file upload_18.tsv (TSV, C-alpha atoms)
chain	number	residue	atom	x	y	z
C	1	MET	CA	-248.07	44.23	19.71
C	2	PRO	CA	-251.62	43.26	18.61
C	3	HIS	CA	-252.08	40.60	21.28
C	4	LEU	CA	-251.47	43.18	23.96
C	5	THR	CA	-253.84	45.79	22.63
C	6	THR	CA	-256.96	44.67	20.78
C	7	THR	CA	-259.12	41.94	19.28
C	8	ASP	CA	-260.35	44.17	16.46
C	9	THR	CA	-261.25	41.93	13.54
C	10	GLN	CA	-259.67	44.41	11.11
C	11	LEU	CA	-256.25	43.87	12.63
C	12	SER	CA	-253.56	42.41	10.38
C	13	ALA	CA	-251.03	40.51	12.47
C	14	THR	CA	-248.88	39.61	9.48
C	15	GLY	CA	-248.65	43.05	7.95
C	16	ALA	CA	-250.32	41.63	4.82
C	17	GLU	CA	-254.01	41.23	4.06
C	18	ARG	CA	-253.62	38.44	1.48
C	19	LEU	CA	-252.72	34.78	1.84
C	20	GLY	CA	-248.98	34.33	2.17
C	21	PHE	CA	-246.24	32.01	3.33
C	22	GLY	CA	-244.95	31.43	6.81
C	23	VAL	CA	-241.85	29.28	6.33
C	24	PRO	CA	-241.48	26.95	9.36
C	25	GLY	CA	-237.70	26.81	9.08
C	26	TYR	CA	-235.53	25.52	6.26
C	27	ALA	CA	-232.49	23.34	6.87
C	28	HIS	CA	-229.15	25.04	7.56
C	29	PRO	CA	-228.11	27.39	4.73
C	30	LEU	CA	-225.14	25.14	3.92
C	31	VAL	CA	-227.51	22.17	3.50
C	32	ALA	CA	-230.32	24.07	1.74
C	33	PRO	CA	-228.71	27.00	-0.14
C	34	VAL	CA	-231.33	26.95	-2.93
C	35	GLU	CA	-234.17	27.16	-0.42
C	36	TRP	CA	-232.73	30.22	1.32
C	37	ALA	CA	-231.91	31.91	-1.98
C	38	GLU	CA	-235.49	31.42	-3.23
C	39	LEU	CA	-236.84	33.35	-0.26
C	40	THR	CA	-235.34	36.58	-1.56
C	41	ARG	CA	-236.90	36.23	-5.00
C	42	PRO	CA	-238.82	39.47	-5.69
C	43	GLY	CA	-242.57	39.05	-5.46
C	44	THR	CA	-242.55	35.96	-3.23
C	45	PRO	CA	-245.56	36.41	-0.88
C	46	LEU	CA	-243.77	35.92	2.44
C	47	HIS	CA	-245.20	36.88	5.81
C	48	TRP	CA	-242.20	35.55	7.74
C	49	VAL	CA	-239.42	32.96	7.79
C	50	VAL	CA	-238.27	30.98	10.83
C	51	LEU	CA	-234.55	30.69	11.56
C	52	ASN	CA	-233.70	27.47	13.38
C	53	VAL	CA	-229.93	27.19	13.81
C	54	ALA	CA	-229.74	24.10	16.05
C	55	GLU	CA	-233.18	23.56	17.61
C	56	GLY	CA	-232.75	27.15	18.74
C	57	PRO	CA	-229.99	29.75	18.32
C	58	GLY	CA	-227.11	27.29	18.84
C	59	ASP	CA	-224.18	27.72	21.22
C	60	ARG	CA	-222.50	30.56	19.34
C	61	PRO	CA	-223.22	32.85	16.39
C	62	ASP	CA	-223.27	31.00	13.07
C	63	PRO	CA	-221.93	33.22	10.25
C	64	HIS	CA	-223.87	31.34	7.56
C	65	CYS	CA	-227.17	31.79	9.40
C	66	LEU	CA	-226.34	35.41	10.11
C	67	GLU	CA	-225.74	36.01	6.40
C	68	ALA	CA	-228.96	34.25	5.39
C	69	ALA	CA	-231.02	36.16	7.96
C	70	GLY	CA	-229.40	39.42	6.91
C	71	ARG	CA	-230.30	38.90	3.25
C	72	LEU	CA	-233.91	38.29	4.19
C	73	ARG	CA	-234.16	41.30	6.45
C	74	ASN	CA	-232.52	43.48	3.79
C	75	ALA	CA	-235.23	42.24	1.41
C	76	GLY	CA	-237.90	43.33	3.89
C	77	VAL	CA	-238.76	39.83	5.12
C	78	ARG	CA	-239.53	39.30	8.81
C	79	VAL	CA	-237.24	36.70	10.43
C	80	LEU	CA	-238.42	34.76	13.49
C	81	GLY	CA	-236.22	32.76	15.86
C	82	HIS	CA	-237.25	29.17	16.65
C	83	LEU	CA	-237.90	28.52	20.35
C	84	ASP	CA	-238.98	25.05	21.51
C	85	MET	CA	-241.44	25.17	24.41
C	86	ALA	CA	-241.48	21.34	24.64
C	87	HIS	CA	-245.21	21.40	25.44
C	88	GLY	CA	-244.55	23.58	28.47
C	89	SER	CA	-241.63	21.65	29.96
C	90	ARG	CA	-238.85	24.06	28.95
C	91	VAL	CA	-237.32	26.03	31.80
C	92	PHE	CA	-238.45	29.67	31.57
C	93	GLY	CA	-234.92	31.02	31.98
C	94	ASP	CA	-233.60	28.82	29.18
C	95	LEU	CA	-236.26	30.11	26.80
C	96	VAL	CA	-235.46	33.72	27.62
C	97	ARG	CA	-231.73	33.09	27.23
C	98	ASP	CA	-232.26	31.54	23.79
C	99	ALA	CA	-234.50	34.43	22.80
C	100	GLN	CA	-231.85	36.95	23.81
C	101	HIS	CA	-229.23	35.07	21.78
C	102	PHE	CA	-231.46	35.19	18.70
C	103	VAL	CA	-231.84	38.94	19.07
C	104	ASP	CA	-228.19	39.61	19.88
C	105	TRP	CA	-226.71	37.30	17.25
C	106	TYR	CA	-229.22	37.41	14.39
C	107	GLN	CA	-231.37	40.53	15.00
C	108	THR	CA	-234.57	38.49	14.72
C	109	ASP	CA	-237.90	40.29	14.45
C	110	GLY	CA	-239.85	37.85	16.58
C	111	PHE	CA	-240.23	34.20	17.52
C	112	LEU	CA	-242.06	31.00	16.68
C	113	LEU	CA	-242.74	29.19	19.96
C	114	ASP	CA	-242.80	25.63	18.70
C	115	ARG	CA	-244.63	22.83	20.57
C	116	CYS	CA	-246.59	25.40	22.54
C	117	PRO	CA	-249.08	24.01	25.09
C	118	THR	CA	-252.78	24.12	24.23
C	119	GLU	CA	-254.55	23.61	27.55
C	120	ARG	CA	-256.18	26.29	29.68
C	121	ALA	CA	-254.02	25.32	32.68
C	122	ASP	CA	-250.86	26.35	30.80
C	123	LEU	CA	-252.14	29.69	29.53
C	124	ALA	CA	-250.83	31.82	32.42
C	125	GLN	CA	-247.30	30.50	31.95
C	126	VAL	CA	-247.44	31.05	28.19
C	127	ARG	CA	-248.68	34.61	28.70
C	128	ARG	CA	-245.79	35.22	31.09
C	129	THR	CA	-243.41	33.93	28.42
C	130	THR	CA	-244.84	36.02	25.59
C	131	ALA	CA	-244.88	39.17	27.73
C	132	THR	CA	-241.21	38.62	28.57
C	133	LEU	CA	-240.30	37.94	24.92
C	134	ASP	CA	-242.13	41.09	23.91
C	135	ALA	CA	-239.85	43.00	26.27
C	136	VAL	CA	-236.76	41.25	24.86
C	137	LEU	CA	-237.83	42.27	21.36
C	138	ASP	CA	-239.03	45.73	22.35
C	139	GLY	CA	-242.03	44.88	20.19
C	140	GLY	CA	-242.02	42.22	17.50
C	141	HIS	CA	-243.98	39.31	16.11
C	142	LEU	CA	-244.88	36.24	18.16
C	143	VAL	CA	-246.34	33.02	16.76
C	144	LEU	CA	-247.52	30.20	19.01
C	145	GLY	CA	-246.80	26.86	17.34
C	146	HIS	CA	-249.56	24.73	18.84
C	147	GLY	CA	-250.17	22.60	15.78
C	148	SER	CA	-253.85	22.23	16.75
C	149	HIS	CA	-256.60	24.43	18.11
C	150	PRO	CA	-255.77	25.57	21.65
C	151	TYR	CA	-257.96	26.95	24.41
C	152	PRO	CA	-259.42	30.21	23.01
C	153	GLY	CA	-257.58	32.43	25.50
C	154	TYR	CA	-254.30	31.80	23.69
C	155	ALA	CA	-255.47	34.09	20.90
C	156	GLU	CA	-254.77	37.02	23.23
C	157	ALA	CA	-251.24	35.83	24.05
C	158	ALA	CA	-249.61	36.25	20.63
C	159	ASP	CA	-249.96	37.73	17.17
C	160	GLN	CA	-250.64	34.43	15.42
C	161	LEU	CA	-251.47	30.82	16.31
C	162	VAL	CA	-250.51	27.72	14.33
C	163	THR	CA	-253.80	25.86	14.54
C	164	PHE	CA	-252.83	23.04	12.18
C	165	SER	CA	-249.49	21.33	11.56
C	166	GLY	CA	-249.52	17.87	10.06
C	167	PRO	CA	-250.16	15.68	7.04
C	168	TRP	CA	-252.55	16.25	4.17
C	169	ALA	CA	-254.43	13.05	5.03
C	170	GLU	CA	-255.56	14.74	8.26
C	171	TYR	CA	-255.88	18.29	6.94
C	172	ARG	CA	-258.39	17.47	4.21
C	173	TRP	CA	-260.83	16.14	6.83
C	174	SER	CA	-260.01	18.65	9.58
C	175	GLN	CA	-262.54	21.01	11.16
C	176	VAL	CA	-262.04	24.51	12.46
C	177	ALA	CA	-262.85	25.51	16.05
C	178	GLU	CA	-265.91	27.77	16.18
C	179	TRP	CA	-264.20	30.41	18.34
C	180	THR	CA	-261.72	31.25	15.57
C	181	ALA	CA	-264.53	33.00	13.66
C	182	GLU	CA	-264.16	35.89	16.11
C	183	TYR	CA	-260.74	36.72	14.61
C	184	PRO	CA	-259.51	37.60	11.11
C	185	PRO	CA	-257.54	35.12	8.96
C	186	GLU	CA	-254.34	37.06	9.64
C	187	ARG	CA	-254.29	35.50	13.11
C	188	PHE	CA	-254.04	31.85	12.02
C	189	VAL	CA	-251.37	29.66	10.41
C	190	HIS	CA	-251.54	26.23	8.77
C	191	PHE	CA	-248.51	24.00	8.00
C	192	VAL	CA	-249.38	20.99	5.83
C	193	HIS	CA	-247.03	18.38	4.41
C	194	GLY	CA	-247.67	15.62	1.88
C	195	VAL	CA	-250.05	17.77	-0.22
C	196	PRO	CA	-250.15	16.31	-3.75
C	197	ARG	CA	-249.89	18.79	-6.61
C	198	THR	CA	-253.30	17.64	-7.82
C	199	HIS	CA	-254.85	18.67	-4.49
C	200	LEU	CA	-253.36	22.15	-4.16
C	201	GLU	CA	-256.60	23.90	-5.06
C	202	GLU	CA	-258.46	21.83	-2.48
C	203	ALA	CA	-255.83	22.72	0.13
C	204	PHE	CA	-256.26	26.42	-0.65
C	205	ARG	CA	-260.03	26.09	-0.31
C	206	ILE	CA	-259.66	24.44	3.10
C	207	ALA	CA	-257.34	27.22	4.27
C	208	ARG	CA	-259.89	29.83	3.18
C	209	TRP	CA	-262.83	27.98	4.73
C	210	GLN	CA	-261.00	27.60	8.00
C	211	GLY	CA	-259.83	31.21	8.05
C	212	ALA	CA	-256.05	30.82	7.81
C	213	GLY	CA	-254.12	33.79	6.40
C	214	THR	CA	-250.61	32.32	6.57
C	215	ILE	CA	-249.80	28.88	5.15
C	216	PHE	CA	-247.01	26.55	4.10
C	217	PHE	CA	-247.98	23.63	1.87
C	218	THR	CA	-245.48	21.08	0.63
C	219	ASP	CA	-245.57	17.78	-1.22
C	220	ARG	CA	-242.67	16.51	0.89
C	221	ALA	CA	-243.72	13.68	3.18
C	222	GLY	CA	-243.08	13.48	6.92
C	223	ARG	CA	-240.37	10.97	7.70
C	224	GLY	CA	-239.79	11.76	11.35
C	225	GLY	CA	-237.24	14.11	12.83
C	226	GLY	CA	-234.34	11.79	13.60
C	227	LYS	CA	-230.75	12.90	13.43
C	228	GLY	CA	-229.56	13.35	9.88
C	229	GLN	CA	-233.08	13.33	8.43
C	230	ILE	CA	-234.51	16.25	6.49
C	231	ARG	CA	-237.97	16.99	7.82
C	232	PRO	CA	-240.74	17.86	5.33
C	233	PHE	CA	-240.74	21.62	5.94
C	234	GLU	CA	-236.95	21.97	5.69
C	235	THR	CA	-236.82	21.85	1.90
C	236	LEU	CA	-238.63	23.41	-1.05
C	237	PRO	CA	-241.94	21.94	-2.21
C	238	GLY	CA	-241.61	20.28	-5.59
C	239	TYR	CA	-244.23	22.73	-6.90
C	240	TRP	CA	-242.65	25.86	-5.38
C	241	ASP	CA	-242.84	27.96	-8.56
C	242	GLU	CA	-246.47	27.04	-9.05
C	243	ILE	CA	-247.57	27.79	-5.51
C	244	VAL	CA	-245.66	31.09	-5.44
C	245	SER	CA	-247.36	32.08	-8.67
C	246	GLN	CA	-250.82	31.14	-7.40
C	247	ILE	CA	-250.54	32.95	-4.09
C	248	GLY	CA	-248.73	35.90	-5.63
C	249	ARG	CA	-251.61	36.65	-7.99
C	250	GLY	CA	-254.24	35.73	-5.41
C	251	VAL	CA	-255.82	32.27	-5.21
C	252	SER	CA	-259.05	32.23	-7.18
C	253	GLU	CA	-262.31	31.47	-5.45

call {"tool": "encode", "arguments": {"input": "upload_18.tsv", "output": "C-alpha cells"}}
result
Amino acid sequence: MPHLTTTDTQLSATGAERLGFGVPGYAHPLVAPVEWAELTRPGTPLHWVVLNVAEGPGDRPDPHCLEAAGRLRNAGVRVLGHLDMAHGSRVFGDLVRDAQHFVDWYQTDGFLLDRCPTERADLAQVRRTTATLDAVLDGGHLVLGHGSHPYPGYAEAADQLVTFSGPWAEYRWSQVAEWTAEYPPERFVHFVHGVPRTHLEEAFRIARWQGAGTIFFTDRAGRGGGKGQIRPFETLPGYWDEIVSQIGRGVSE
C-alpha cells in the first residue's frame, strides 16, 4: 500500500491520474436503486464507491448489498466498506470485526474510516488501526474520513485523506493546509453538499486549487442524519449527467 512505502509525489493512490468521483455511500440499494445502477454506467469516472449497509456491515450478509457490490466490482469499480471510528472512541476490536465482516461478506477492496480523528495525539492509534486493516485486506485501499485537515502525519497512515466534508457555503471560502502541497492531488478527497448548478465550475476550480483528486459534489442539502432521513450524499445529484460529462472529458481550466 502507498502509505506504507513512499511519499513520492508521482504516486497515484486512486489508480487514476484525473479528477474522479469518490461516492461516500448511497442509501440501501432497495431505497436508491437508480443511484446504484448509475454507478455501472460505462465511462463514469469513478475512483471508488463506499458500501454502508447499516452504519457498517450490518449483523448478517445482505443479499441486495452483495449484489450491488458485485455488479460494481465486475465493472472494475473499487468498493470500500464504511467503518465509523467515532472520532477515536470506537473499540479497536469492534472495528476489526466489522472490517472482517465486510471482507468476508462483500469482498470489499478497502475501507473508508469515517469520523477519523485529526489530532496528533490520536495518530498512533489510527496507524495501528490502518496497519491491522491492511493485514485484513492483504493489501487494499484505505481512506481516512477526517472531514477537515488533520495533523500532517496522517498522510502516511492511509492512501487518501478526506480533507473537506461539508456544505458549499463553507467550501467556497475554505483554505488548504500548506503541508498538503508536499503530496499529489490523488491523495486528497473533498465531499461537498449544497453546491448549486450555477457554481459547479467554481467548485471544480476550488478542488483544483486545493489539490483534491477525488471529489463528490451534490446539490442536495444537508438535513441532518436522523432516522428515516436521506442524507445529502445518499442520493444522486440533480445534475448527475452534467457532472459526469464534465469530469469524464476533463474539467477545463

call {"tool": "atom_distance", "arguments": {"input": "upload_18.tsv", "atom1": "atom CA of C:Leu46", "atom2": "atom CA of C:Thr118"}}
result
26.4 Å

call {"tool": "atom_distance", "arguments": {"input": "upload_18.tsv", "atom1": "atom CA of C:Glu178", "atom2": "atom CA of C:Tyr151"}}
result
11.5 Å

call {"tool": "closest_atom_pairs", "arguments": {"input": "upload_18.tsv", "of": "stretch 128-154 of chain C", "to": "stretch 96-111 of chain C", "cutoff": "7 Å", "atoms": "only C-alpha atoms", "output": "JSON lines"}}
result
{"residue": "C:Leu133", "atom": "CA", "partner": "C:Val96", "partner_atom": "CA", "distance": 7.0}
{"residue": "C:Val136", "atom": "CA", "partner": "C:Gln100", "partner_atom": "CA", "distance": 6.6}
{"residue": "C:Leu137", "atom": "CA", "partner": "C:Gly110", "partner_atom": "CA", "distance": 6.8}
{"residue": "C:Gly140", "atom": "CA", "partner": "C:Gly110", "partner_atom": "CA", "distance": 5.0}
{"residue": "C:His141", "atom": "CA", "partner": "C:Gly110", "partner_atom": "CA", "distance": 4.4}
{"residue": "C:Leu142", "atom": "CA", "partner": "C:Phe111", "partner_atom": "CA", "distance": 5.1}
{"residue": "C:Val143", "atom": "CA", "partner": "C:Phe111", "partner_atom": "CA", "distance": 6.3}

call {"tool": "residues_near_point", "arguments": {"input": "upload_18.tsv", "point": "(-242.7, 14.1, 5.5)", "cutoff": "8 Å", "atoms": "all atoms listed in the file", "output": "PyMOL selection string"}}
result
chain C and resi 167+193-194+220-224+231-233

call {"tool": "closest_residue", "arguments": {"input": "upload_18.tsv", "among": "C:Asp241, C:Glu186, C:Asp219, C:Glu35", "to": "C:His47", "atoms": "only C-alpha atoms"}}
result
C:Glu186

call {"tool": "atom_distance", "arguments": {"input": "upload_18.tsv", "atom1": "atom CA of C:Glu156", "atom2": "atom CA of C:Leu80"}}
result
19.2 Å

call {"tool": "residues_near_point", "arguments": {"input": "upload_18.tsv", "point": "(-248.4, 20.4, 0.4)", "cutoff": "12 Å", "atoms": "only C-alpha atoms", "output": "PyMOL selection string"}}
result
chain C and resi 165-169+171-172+190-204+207+215-222+232-233+235-240+242-243

call {"tool": "closest_residue", "arguments": {"input": "upload_18.tsv", "among": "C:Trp173, C:Tyr154, C:Phe92, C:Trp209", "to": "C:Ala121", "atoms": "all atoms listed in the file"}}
result
C:Tyr154

call {"tool": "residues_around", "arguments": {"input": "upload_18.tsv", "residues": "C:Glu234", "least_positions_apart": "4", "cutoff": "9 Å", "atoms": "all atoms listed in the file", "output": "list in words"}}
result
Val23, Pro24, Gly25, Tyr26, Ala27, His28, Ala32, Glu35 and Ile230 of chain C

call {"tool": "residues_around", "arguments": {"input": "upload_18.tsv", "residues": "stretch 65-70 of chain C", "least_positions_apart": "3", "cutoff": "7 Å", "atoms": "all atoms listed in the file", "output": "PyMOL selection string"}}
result
chain C and resi 29+36+53+62+73-74+79+106

call {"tool": "closest_residue", "arguments": {"input": "upload_18.tsv", "among": "C:Gly213, C:Gly81, C:Pro150, C:Gly20", "to": "C:Cys116", "atoms": "all atoms listed in the file"}}
result
C:Pro150
